[in-house]
file coords_19.pdb (PDB, C-alpha atoms, pLDDT in the B column)
ATOM      1  CA  MET A  92       0.081  17.551  43.310  1.00 39.00           C
ATOM      2  CA  ALA A  93      -3.435  16.055  43.508  1.00 43.00           C
ATOM      3  CA  GLU A  94      -4.444  17.935  40.361  1.00 45.00           C
ATOM      4  CA  GLY A  95      -1.433  16.627  38.411  1.00 44.00           C
ATOM      5  CA  ARG A  96      -2.115  13.084  39.578  1.00 43.00           C
ATOM      6  CA  SER A  97      -5.755  13.414  38.536  1.00 41.00           C
ATOM      7  CA  GLU A  98      -4.725  14.525  35.049  1.00 40.00           C
ATOM      8  CA  THR A  99      -2.351  11.532  34.771  1.00 39.00           C
ATOM      9  CA  ILE A 100      -5.081   9.101  35.834  1.00 38.00           C
ATOM     10  CA  SER A 101      -7.499  10.647  33.325  1.00 39.00           C
ATOM     11  CA  THR A 102      -4.939  10.246  30.540  1.00 39.00           C
ATOM     12  CA  VAL A 103      -4.453   6.571  31.430  1.00 38.00           C
ATOM     13  CA  ILE A 104      -8.225   5.980  31.443  1.00 35.00           C
ATOM     14  CA  VAL A 105      -8.649   7.637  28.026  1.00 37.00           C
ATOM     15  CA  ALA A 106      -5.755   5.602  26.607  1.00 38.00           C
ATOM     16  CA  PHE A 107      -7.328   2.393  27.944  1.00 38.00           C
ATOM     17  CA  LEU A 108     -10.711   3.213  26.444  1.00 40.00           C
ATOM     18  CA  THR A 109      -9.237   4.183  23.068  1.00 48.00           C
ATOM     19  CA  HIS A 110      -8.903   1.267  20.668  1.00 62.00           C
ATOM     20  CA  TYR A 111      -6.747   1.041  17.571  1.00 55.00           C
ATOM     21  CA  PHE A 112      -9.911   0.208  15.606  1.00 61.00           C
ATOM     22  CA  ASP A 113     -11.649   3.476  16.559  1.00 64.00           C
ATOM     23  CA  GLU A 114     -12.206   5.829  13.632  1.00 66.00           C
ATOM     24  CA  ARG A 115     -10.852   8.827  15.548  1.00 70.00           C
ATOM     25  CA  PRO A 116      -8.669   7.973  18.554  1.00 74.00           C
ATOM     26  CA  ASP A 117      -9.488  10.142  21.569  1.00 76.00           C
ATOM     27  CA  VAL A 118      -6.005   9.870  23.050  1.00 81.00           C
ATOM     28  CA  GLY A 119      -3.546  12.690  22.421  1.00 87.00           C
ATOM     29  CA  SER A 120      -0.834  12.382  19.793  1.00 90.00           C
ATOM     30  CA  ALA A 121       2.719  11.436  20.841  1.00 94.00           C
ATOM     31  CA  PRO A 122       4.657  10.317  17.741  1.00 95.00           C
ATOM     32  CA  GLN A 123       7.728   8.126  17.990  1.00 96.00           C
ATOM     33  CA  GLN A 124       9.911   6.167  15.570  1.00 97.00           C
ATOM     34  CA  VAL A 125      10.380   2.414  15.292  1.00 97.00           C
ATOM     35  CA  ARG A 126      12.561   0.412  12.943  1.00 97.00           C
ATOM     36  CA  LEU A 127      11.428  -2.608  10.932  1.00 97.00           C
ATOM     37  CA  THR A 128      14.328  -4.836   9.897  1.00 97.00           C
ATOM     38  CA  LEU A 129      13.821  -7.780   7.535  1.00 98.00           C
ATOM     39  CA  PRO A 130      16.339  -9.649   5.379  1.00 97.00           C
ATOM     40  CA  ASP A 131      15.252  -7.674   2.301  1.00 97.00           C
ATOM     41  CA  VAL A 132      13.679  -4.485   3.707  1.00 97.00           C
ATOM     42  CA  THR A 133      14.575  -1.961   6.408  1.00 98.00           C
ATOM     43  CA  LEU A 134      12.144   0.844   7.224  1.00 98.00           C
ATOM     44  CA  ASP A 135      12.050   3.605   9.812  1.00 98.00           C
ATOM     45  CA  LEU A 136       8.402   4.208  10.653  1.00 98.00           C
ATOM     46  CA  ILE A 137       6.609   6.868  12.682  1.00 98.00           C
ATOM     47  CA  THR A 138       4.001   5.489  15.098  1.00 97.00           C
ATOM     48  CA  ASP A 139       1.637   7.218  17.493  1.00 96.00           C
ATOM     49  CA  ARG A 140      -0.749   6.651  20.358  1.00 94.00           C
ATOM     50  CA  GLY A 141      -4.109   5.254  19.365  1.00 93.00           C
ATOM     51  CA  VAL A 142      -2.749   2.900  16.687  1.00 94.00           C
ATOM     52  CA  PHE A 143      -1.886  -0.793  16.815  1.00 89.00           C
ATOM     53  CA  ALA A 144       1.562  -1.819  18.099  1.00 90.00           C
ATOM     54  CA  ARG A 145       2.735   1.722  18.727  1.00 87.00           C
ATOM     55  CA  GLU A 146       5.830   0.615  20.642  1.00 91.00           C
ATOM     56  CA  GLY A 147       7.221  -1.540  17.840  1.00 93.00           C
ATOM     57  CA  ILE A 148       6.464  -4.185  15.235  1.00 95.00           C
ATOM     58  CA  ASP A 149       4.427  -6.855  16.989  1.00 94.00           C
ATOM     59  CA  PRO A 150       5.500 -10.538  16.769  1.00 95.00           C
ATOM     60  CA  GLY A 151       2.503 -11.552  14.644  1.00 96.00           C
ATOM     61  CA  THR A 152       3.185  -8.924  12.000  1.00 97.00           C
ATOM     62  CA  LYS A 153       6.881  -9.849  12.012  1.00 97.00           C
ATOM     63  CA  LEU A 154       5.991 -13.519  11.450  1.00 97.00           C
ATOM     64  CA  LEU A 155       3.695 -12.547   8.564  1.00 98.00           C
ATOM     65  CA  LEU A 156       6.411 -10.456   6.921  1.00 98.00           C
ATOM     66  CA  LEU A 157       9.065 -13.136   7.364  1.00 97.00           C
ATOM     67  CA  GLU A 158       7.116 -16.256   6.419  1.00 97.00           C
ATOM     68  CA  ALA A 159       4.294 -15.335   4.025  1.00 98.00           C
ATOM     69  CA  PRO A 160       4.727 -16.510   0.425  1.00 97.00           C
ATOM     70  CA  PRO A 161       5.846 -13.794  -2.012  1.00 98.00           C
ATOM     71  CA  PRO A 162       3.022 -11.417  -2.930  1.00 98.00           C
ATOM     72  CA  ALA A 163       1.748 -11.142  -6.486  1.00 98.00           C
ATOM     73  CA  PRO A 164       4.212  -9.038  -8.530  1.00 98.00           C
ATOM     74  CA  SER A 165       1.462  -6.974 -10.167  1.00 98.00           C
ATOM     75  CA  GLY A 166      -2.205  -6.142  -9.869  1.00 98.00           C
ATOM     76  CA  ASP A 167      -3.944  -4.924  -6.720  1.00 98.00           C
ATOM     77  CA  LEU A 168      -2.735  -6.008  -3.287  1.00 98.00           C
ATOM     78  CA  LEU A 169      -4.450  -5.343   0.050  1.00 98.00           C
ATOM     79  CA  ASP A 170      -3.167  -4.664   3.548  1.00 98.00           C
ATOM     80  CA  LEU A 171      -6.337  -4.992   5.602  1.00 98.00           C
ATOM     81  CA  GLY A 172      -6.016  -3.029   8.848  1.00 96.00           C
ATOM     82  CA  CYS A 173      -2.820  -1.247   7.862  1.00 97.00           C
ATOM     83  CA  GLY A 174      -2.063   0.560  11.134  1.00 96.00           C
ATOM     84  CA  TYR A 175       0.948   2.795  10.544  1.00 97.00           C
ATOM     85  CA  GLY A 176       1.904   0.835   7.451  1.00 98.00           C
ATOM     86  CA  PRO A 177       4.577  -1.853   7.990  1.00 98.00           C
ATOM     87  CA  VAL A 178       2.762  -4.517   5.973  1.00 98.00           C
ATOM     88  CA  ALA A 179       1.639  -2.178   3.193  1.00 98.00           C
ATOM     89  CA  LEU A 180       5.115  -0.715   2.746  1.00 98.00           C
ATOM     90  CA  VAL A 181       6.777  -4.134   2.648  1.00 98.00           C
ATOM     91  CA  LEU A 182       4.222  -5.318   0.075  1.00 98.00           C
ATOM     92  CA  ALA A 183       4.974  -2.214  -1.983  1.00 98.00           C
ATOM     93  CA  ARG A 184       8.736  -2.754  -1.803  1.00 98.00           C
ATOM     94  CA  ARG A 185       8.475  -6.431  -2.721  1.00 98.00           C
ATOM     95  CA  SER A 186       5.995  -5.814  -5.538  1.00 98.00           C
ATOM     96  CA  PRO A 187       6.903  -2.442  -7.077  1.00 98.00           C
ATOM     97  CA  GLY A 188       4.776  -3.213 -10.138  1.00 98.00           C
ATOM     98  CA  ALA A 189       1.614  -3.613  -8.045  1.00 98.00           C
ATOM     99  CA  THR A 190      -0.785  -1.170  -6.409  1.00 98.00           C
ATOM    100  CA  VAL A 191      -1.029  -1.712  -2.664  1.00 98.00           C
ATOM    101  CA  TRP A 192      -4.257  -0.653  -0.974  1.00 98.00           C
ATOM    102  CA  ALA A 193      -3.621   0.233   2.686  1.00 98.00           C
ATOM    103  CA  VAL A 194      -7.035   0.127   4.371  1.00 98.00           C
ATOM    104  CA  ASP A 195      -7.909   1.079   7.937  1.00 97.00           C
ATOM    105  CA  VAL A 196     -10.890   2.614   9.735  1.00 95.00           C
ATOM    106  CA  ASN A 197      -8.507   4.592  11.983  1.00 96.00           C
ATOM    107  CA  GLU A 198      -7.812   7.982  10.409  1.00 96.00           C
ATOM    108  CA  ARG A 199      -4.657   8.517  12.475  1.00 96.00           C
ATOM    109  CA  ALA A 200      -3.319   5.184  11.246  1.00 97.00           C
ATOM    110  CA  ARG A 201      -4.050   6.147   7.651  1.00 98.00           C
ATOM    111  CA  SER A 202      -2.235   9.464   8.044  1.00 97.00           C
ATOM    112  CA  LEU A 203       0.794   7.674   9.479  1.00 98.00           C
ATOM    113  CA  THR A 204       0.850   5.137   6.653  1.00 98.00           C
ATOM    114  CA  ALA A 205       0.722   7.873   4.033  1.00 98.00           C
ATOM    115  CA  ALA A 206       3.490   9.828   5.766  1.00 98.00           C
ATOM    116  CA  ASN A 207       5.655   6.728   6.196  1.00 98.00           C
ATOM    117  CA  ALA A 208       5.249   5.797   2.523  1.00 98.00           C
ATOM    118  CA  GLU A 209       6.227   9.306   1.457  1.00 98.00           C
ATOM    119  CA  ALA A 210       9.255   9.341   3.757  1.00 98.00           C
ATOM    120  CA  ALA A 211      10.413   5.998   2.347  1.00 98.00           C
ATOM    121  CA  GLY A 212       9.953   7.156  -1.252  1.00 98.00           C
ATOM    122  CA  ILE A 213       7.293   4.516  -1.873  1.00 98.00           C
ATOM    123  CA  THR A 214       4.770   5.664  -4.481  1.00 98.00           C
ATOM    124  CA  ASN A 215       2.640   2.567  -5.179  1.00 98.00           C
ATOM    125  CA  VAL A 216       0.546   2.665  -1.978  1.00 98.00           C
ATOM    126  CA  GLN A 217      -3.043   3.905  -1.941  1.00 98.00           C
ATOM    127  CA  VAL A 218      -4.151   4.733   1.608  1.00 98.00           C
ATOM    128  CA  CYS A 219      -7.887   4.843   2.197  1.00 97.00           C
ATOM    129  CA  ALA A 220     -10.823   4.102   4.458  1.00 97.00           C
ATOM    130  CA  PRO A 221     -12.717   0.869   3.718  1.00 97.00           C
ATOM    131  CA  ASP A 222     -15.556   2.540   1.810  1.00 97.00           C
ATOM    132  CA  GLU A 223     -13.113   4.453  -0.412  1.00 98.00           C
ATOM    133  CA  VAL A 224     -11.847   1.370  -2.246  1.00 98.00           C
ATOM    134  CA  PRO A 225     -13.566   1.179  -5.664  1.00 97.00           C
ATOM    135  CA  ASP A 226     -16.067  -1.661  -5.880  1.00 96.00           C
ATOM    136  CA  ASP A 227     -14.487  -3.131  -9.008  1.00 97.00           C
ATOM    137  CA  VAL A 228     -11.024  -3.654  -7.463  1.00 98.00           C
ATOM    138  CA  ARG A 229     -10.088  -7.310  -7.037  1.00 98.00           C
ATOM    139  CA  PHE A 230      -7.078  -8.429  -5.043  1.00 98.00           C
ATOM    140  CA  ALA A 231      -4.295 -10.757  -6.126  1.00 98.00           C
ATOM    141  CA  THR A 232      -2.816 -10.799  -2.604  1.00 98.00           C
ATOM    142  CA  LEU A 233      -4.276  -9.899   0.792  1.00 98.00           C
ATOM    143  CA  TRP A 234      -2.146  -9.746   3.925  1.00 98.00           C
ATOM    144  CA  SER A 235      -3.578  -8.965   7.340  1.00 98.00           C
ATOM    145  CA  ASN A 236      -3.028  -9.105  11.068  1.00 96.00           C
ATOM    146  CA  PRO A 237      -6.782  -8.797  11.572  1.00 94.00           C
ATOM    147  CA  PRO A 238      -8.305  -6.899  14.512  1.00 91.00           C
ATOM    148  CA  ILE A 239      -9.571  -9.897  16.468  1.00 90.00           C
ATOM    149  CA  ARG A 240     -10.629  -7.712  19.389  1.00 84.00           C
ATOM    150  CA  ILE A 241     -13.417  -6.022  17.439  1.00 89.00           C
ATOM    151  CA  GLY A 242     -15.506  -9.101  18.267  1.00 91.00           C
ATOM    152  CA  LYS A 243     -16.399 -12.238  16.359  1.00 93.00           C
ATOM    153  CA  GLU A 244     -19.455 -10.883  14.527  1.00 95.00           C
ATOM    154  CA  ALA A 245     -17.672  -7.756  13.273  1.00 94.00           C
ATOM    155  CA  LEU A 246     -14.547  -9.743  12.412  1.00 96.00           C
ATOM    156  CA  HIS A 247     -16.485 -12.297  10.376  1.00 97.00           C
ATOM    157  CA  ALA A 248     -18.352  -9.564   8.491  1.00 96.00           C
ATOM    158  CA  MET A 249     -15.077  -7.778   7.709  1.00 96.00           C
ATOM    159  CA  LEU A 250     -13.355 -10.926   6.467  1.00 97.00           C
ATOM    160  CA  LEU A 251     -16.295 -11.979   4.289  1.00 97.00           C
ATOM    161  CA  ARG A 252     -16.407  -8.509   2.755  1.00 97.00           C
ATOM    162  CA  TRP A 253     -12.749  -8.479   1.710  1.00 98.00           C
ATOM    163  CA  LEU A 254     -12.059 -12.164   1.101  1.00 98.00           C
ATOM    164  CA  GLY A 255     -15.026 -12.064  -1.266  1.00 97.00           C
ATOM    165  CA  ARG A 256     -12.961  -9.743  -3.481  1.00 98.00           C
ATOM    166  CA  LEU A 257      -9.984 -12.090  -3.610  1.00 98.00           C
ATOM    167  CA  ASP A 258      -8.715 -13.541  -6.885  1.00 97.00           C
ATOM    168  CA  GLY A 259      -5.463 -14.905  -5.447  1.00 97.00           C
ATOM    169  CA  SER A 260      -4.559 -15.772  -1.867  1.00 97.00           C
ATOM    170  CA  ALA A 261      -4.777 -14.159   1.536  1.00 98.00           C
ATOM    171  CA  VAL A 262      -2.383 -14.644   4.431  1.00 98.00           C
ATOM    172  CA  LEU A 263      -3.703 -13.950   7.931  1.00 98.00           C
ATOM    173  CA  VAL A 264      -1.746 -14.056  11.178  1.00 97.00           C
ATOM    174  CA  VAL A 265      -3.786 -14.783  14.313  1.00 96.00           C
ATOM    175  CA  GLN A 266      -2.786 -15.577  17.872  1.00 94.00           C
ATOM    176  CA  LYS A 267      -3.647 -19.124  18.884  1.00 92.00           C
ATOM    177  CA  HIS A 268      -5.186 -18.069  22.209  1.00 89.00           C
ATOM    178  CA  LEU A 269      -7.370 -15.497  20.395  1.00 87.00           C
ATOM    179  CA  GLY A 270      -9.040 -18.179  18.306  1.00 88.00           C
ATOM    180  CA  SER A 271      -6.880 -18.858  15.252  1.00 94.00           C
ATOM    181  CA  ASP A 272      -8.001 -22.484  15.001  1.00 94.00           C
ATOM    182  CA  SER A 273     -11.701 -21.707  15.367  1.00 95.00           C
ATOM    183  CA  LEU A 274     -11.325 -18.924  12.797  1.00 96.00           C
ATOM    184  CA  ALA A 275      -9.721 -21.374  10.375  1.00 97.00           C
ATOM    185  CA  ARG A 276     -12.638 -23.770  10.843  1.00 97.00           C
ATOM    186  CA  TRP A 277     -15.153 -20.969  10.323  1.00 97.00           C
ATOM    187  CA  LEU A 278     -13.430 -19.895   7.103  1.00 97.00           C
ATOM    188  CA  GLY A 279     -13.598 -23.476   5.902  1.00 97.00           C
ATOM    189  CA  ASP A 280     -17.319 -23.497   6.642  1.00 97.00           C
ATOM    190  CA  GLN A 281     -17.607 -20.399   4.419  1.00 97.00           C
ATOM    191  CA  ARG A 282     -16.162 -22.465   1.543  1.00 96.00           C
ATOM    192  CA  PHE A 283     -12.661 -21.037   1.631  1.00 98.00           C
ATOM    193  CA  THR A 284      -9.655 -23.310   1.399  1.00 98.00           C
ATOM    194  CA  VAL A 285      -7.493 -22.758   4.485  1.00 98.00           C
ATOM    195  CA  SER A 286      -3.933 -23.992   5.038  1.00 97.00           C
ATOM    196  CA  ARG A 287      -1.711 -23.480   8.070  1.00 97.00           C
ATOM    197  CA  LEU A 288       1.613 -22.205   6.762  1.00 97.00           C
ATOM    198  CA  GLN A 289       3.417 -21.670  10.047  1.00 93.00           C
ATOM    199  CA  SER A 290       2.938 -21.888  13.792  1.00 94.00           C
ATOM    200  CA  ARG A 291       5.382 -20.036  16.010  1.00 93.00           C
ATOM    201  CA  ALA A 292       5.440 -18.223  19.348  1.00 88.00           C
ATOM    202  CA  GLY A 293       1.693 -18.633  19.842  1.00 94.00           C
ATOM    203  CA  TYR A 294       0.738 -17.399  16.353  1.00 96.00           C
ATOM    204  CA  ARG A 295      -0.761 -19.203  13.390  1.00 96.00           C
ATOM    205  CA  LEU A 296      -0.104 -18.115   9.830  1.00 97.00           C
ATOM    206  CA  LEU A 297      -3.121 -19.047   7.694  1.00 98.00           C
ATOM    207  CA  GLU A 298      -3.313 -19.027   3.914  1.00 98.00           C
ATOM    208  CA  VAL A 299      -6.852 -18.545   2.613  1.00 98.00           C
ATOM    209  CA  ARG A 300      -7.993 -19.090  -0.970  1.00 98.00           C
ATOM    210  CA  PRO A 301     -11.405 -19.017  -2.648  1.00 96.00           C
ATOM    211  CA  SER A 302     -12.675 -22.527  -3.263  1.00 87.00           C
TER
END
call {"tool": "encode", "arguments": {"input": "coords_19.pdb", "output": "structure tokens"}}
result
Amino acid sequence: MAEGRSETISTVIVAFLTHYFDERPDVGSAPQQVRLTLPDVTLDLITDRGVFAREGIDPGTKLLLLEAPPPAPSGDLLDLGCGYGPVALVLARRSPGATVWAVDVNERARSLTAANAEAAGITNVQVCAPDEVPDDVRFATLWSNPPIRIGKEALHAMLLRWLGRLDGSAVLVVQKHLGSDSLARWLGDQRFTVSRLQSRAGYRLLEVRPS
């Protein structure tokens, strides 16, 4: 009994220490299925331990998918921090003439996104690690529920890297209590034009454009 309890406690500790922004989650795999239902898209998606919002589509992502302006119909689109793929797959469904780049540092998340795209019959998604995106690709649309918990310095570096490749607009969803307003001010200081599109249930939806 003590041995079994010890194993359970160890599993909980590993799960706590494993972050969805780790390159290789240390927690064991336990796939499950969730359903994403929107007015225009319904998707059954496989999730797993060690990725963001494993138990279901989180409220911030749902707000982004419901309220963001329509993505560019063609060109290159970016889901930054794709997780298991809900944003990337919706972008691909709404813009079948575009190429959607699903980018994540988490290799388990990337594998899930690729598998979910294949299962849904979606062929215009390119899943890759950040350094695998060709340097000459510019983005007409960027959607992201950014990983705020990686820390301010890392977050700012990530956003500058990808927003610097933006030819159109980005839409970011950020919890208010995790610094959405200060992030909007910082983006303005970096000479981006920032507009608040929506505020609901503790989340801000920010549209960001190059000045």
call {"tool": "closest_residue", "arguments": {"input": "coords_19.pdb", "among": "A:Ala231, A:Ile148, A:Ala210, A:Ala183", "to": "Gly166 in chain A", "atoms": "all atoms listed in the file"}}
result
A:Ala231
call {"tool": "closest_residue", "arguments": {"input": "coords_19.pdb", "among": "A:Gly242, A:Gly293, A:Pro225, A:Pro301", "to": "Asp258 in chain A", "atoms": "all atoms listed in the file"}}
result
A:Pro301
call {"tool": "atom_distance", "arguments": {"input": "coords_19.pdb", "atom1": "CA of Arg185 in chain A", "atom2": "CA of Ser260 in chain A"}}
result
16.1 Å
call {"tool": "resolve_selection", "arguments": {"input": "coords_19.pdb", "expression": "the PyMOL selection byres ((chain A and resi 179) around 8)", "output": "ChimeraX atom specification"}}
result
/A:169-170,173,176-178,180-183,191-193,216
call {"tool": "atom_distance", "arguments": {"input": "coords_19.pdb", "atom1": "CA of Phe143 in chain A", "atom2": "CA of Asn197 in chain A"}}
result
9.8 Å
call {"tool": "resolve_selection", "arguments": {"input": "coords_19.pdb", "expression": "the PyMOL selection byres ((chain A and resi 263-267) around 8)", "output": "JSON, numbers by chain"}}
result
{"A": [151, 152, 154, 155, 234, 235, 236, 237, 239, 261, 262, 268, 269, 270, 271, 272, 293, 294, 295, 296, 297, 298, 299]}
call {"tool": "resolve_selection", "arguments": {"input": "coords_19.pdb", "expression": "the PyMOL selection byres ((chain A and resi 161) around 10)", "output": "list in words"}}
result
Leu156, Leu157, Glu158, Ala159, Pro160, Pro162, Ala163, Pro164, Leu182, Arg185, Ser186 and Thr232 of chain A
call {"tool": "closest_residue", "arguments": {"input": "coords_19.pdb", "among": "A:Ile137, A:Leu278, A:Val142, A:Leu168", "to": "Gly119 in chain A", "atoms": "all atoms listed in the file"}}
result
A:Val142
call {"tool": "residues_near_point", "arguments": {"input": "coords_19.pdb", "point": "(6.7, 2.7, 16.3)", "cutoff": "6 Å", "atoms": "all atoms listed in the file", "output": "list in words"}}
result
Gln123, Gln124, Val125, Ile137, Thr138, Arg145, Glu146 and Gly147 of chain A
call {"tool": "axis_aligned_box", "arguments": {"input": "coords_19.pdb", "around": "range 236-244 of chain A", "padding_each_side": "8 Å", "output": "lines of an AutoDock Vina configuration file"}}
result
center_x = -11.2
center_y = -9.1
center_z = 15.2
size_x = 32.4
size_y = 22.2
size_z = 24.3
call {"tool": "residues_around", "arguments": {"input": "coords_19.pdb", "residues": "range 248-256 of chain A", "least_positions_apart": "4", "cutoff": "7 Å", "atoms": "all atoms listed in the file", "output": "list of chain:residue names"}}
result
A:Arg229, A:Phe230, A:Glu244
call {"tool": "write_last_selection", "arguments": {"input": "coords_19.pdb", "atoms": "C-alpha atoms", "output": "short mmCIF file (atom, residue, chain, number, x, y, z; two decimals), in the frame of the given file"}}
result
data_model
loop_
_atom_site.label_atom_id
_atom_site.label_comp_id
_atom_site.auth_asym_id
_atom_site.auth_seq_id
_atom_site.Cartn_x
_atom_site.Cartn_y
_atom_site.Cartn_z
CA ARG A 229 -10.09 -7.31 -7.04
CA PHE A 230 -7.08 -8.43 -5.04
CA GLU A 244 -19.45 -10.88 14.53
#
call {"tool": "closest_residue", "arguments": {"input": "coords_19.pdb", "among": "A:Asp135, A:Asp167, A:Asp117, A:Asp222", "to": "Ala206 in chain A", "atoms": "all atoms listed in the file"}}
result
A:Asp135
call {"tool": "closest_residue", "arguments": {"input": "coords_19.pdb", "among": "A:Leu246, A:Ala205, A:Ala292, A:Ala220", "to": "Trp277 in chain A", "atoms": "only C-alpha atoms"}}
result
A:Leu246
call {"tool": "closest_residue", "arguments": {"input": "coords_19.pdb", "among": "A:Leu134, A:Leu171, A:Cys219, A:Val224", "to": "Asn207 in chain A", "atoms": "only C-alpha atoms"}}
result
A:Leu134
call {"tool": "atom_distance", "arguments": {"input": "coords_19.pdb", "atom1": "CA of Thr128 in chain A", "atom2": "CA of Arg199 in chain A"}}
result
23.4 Å
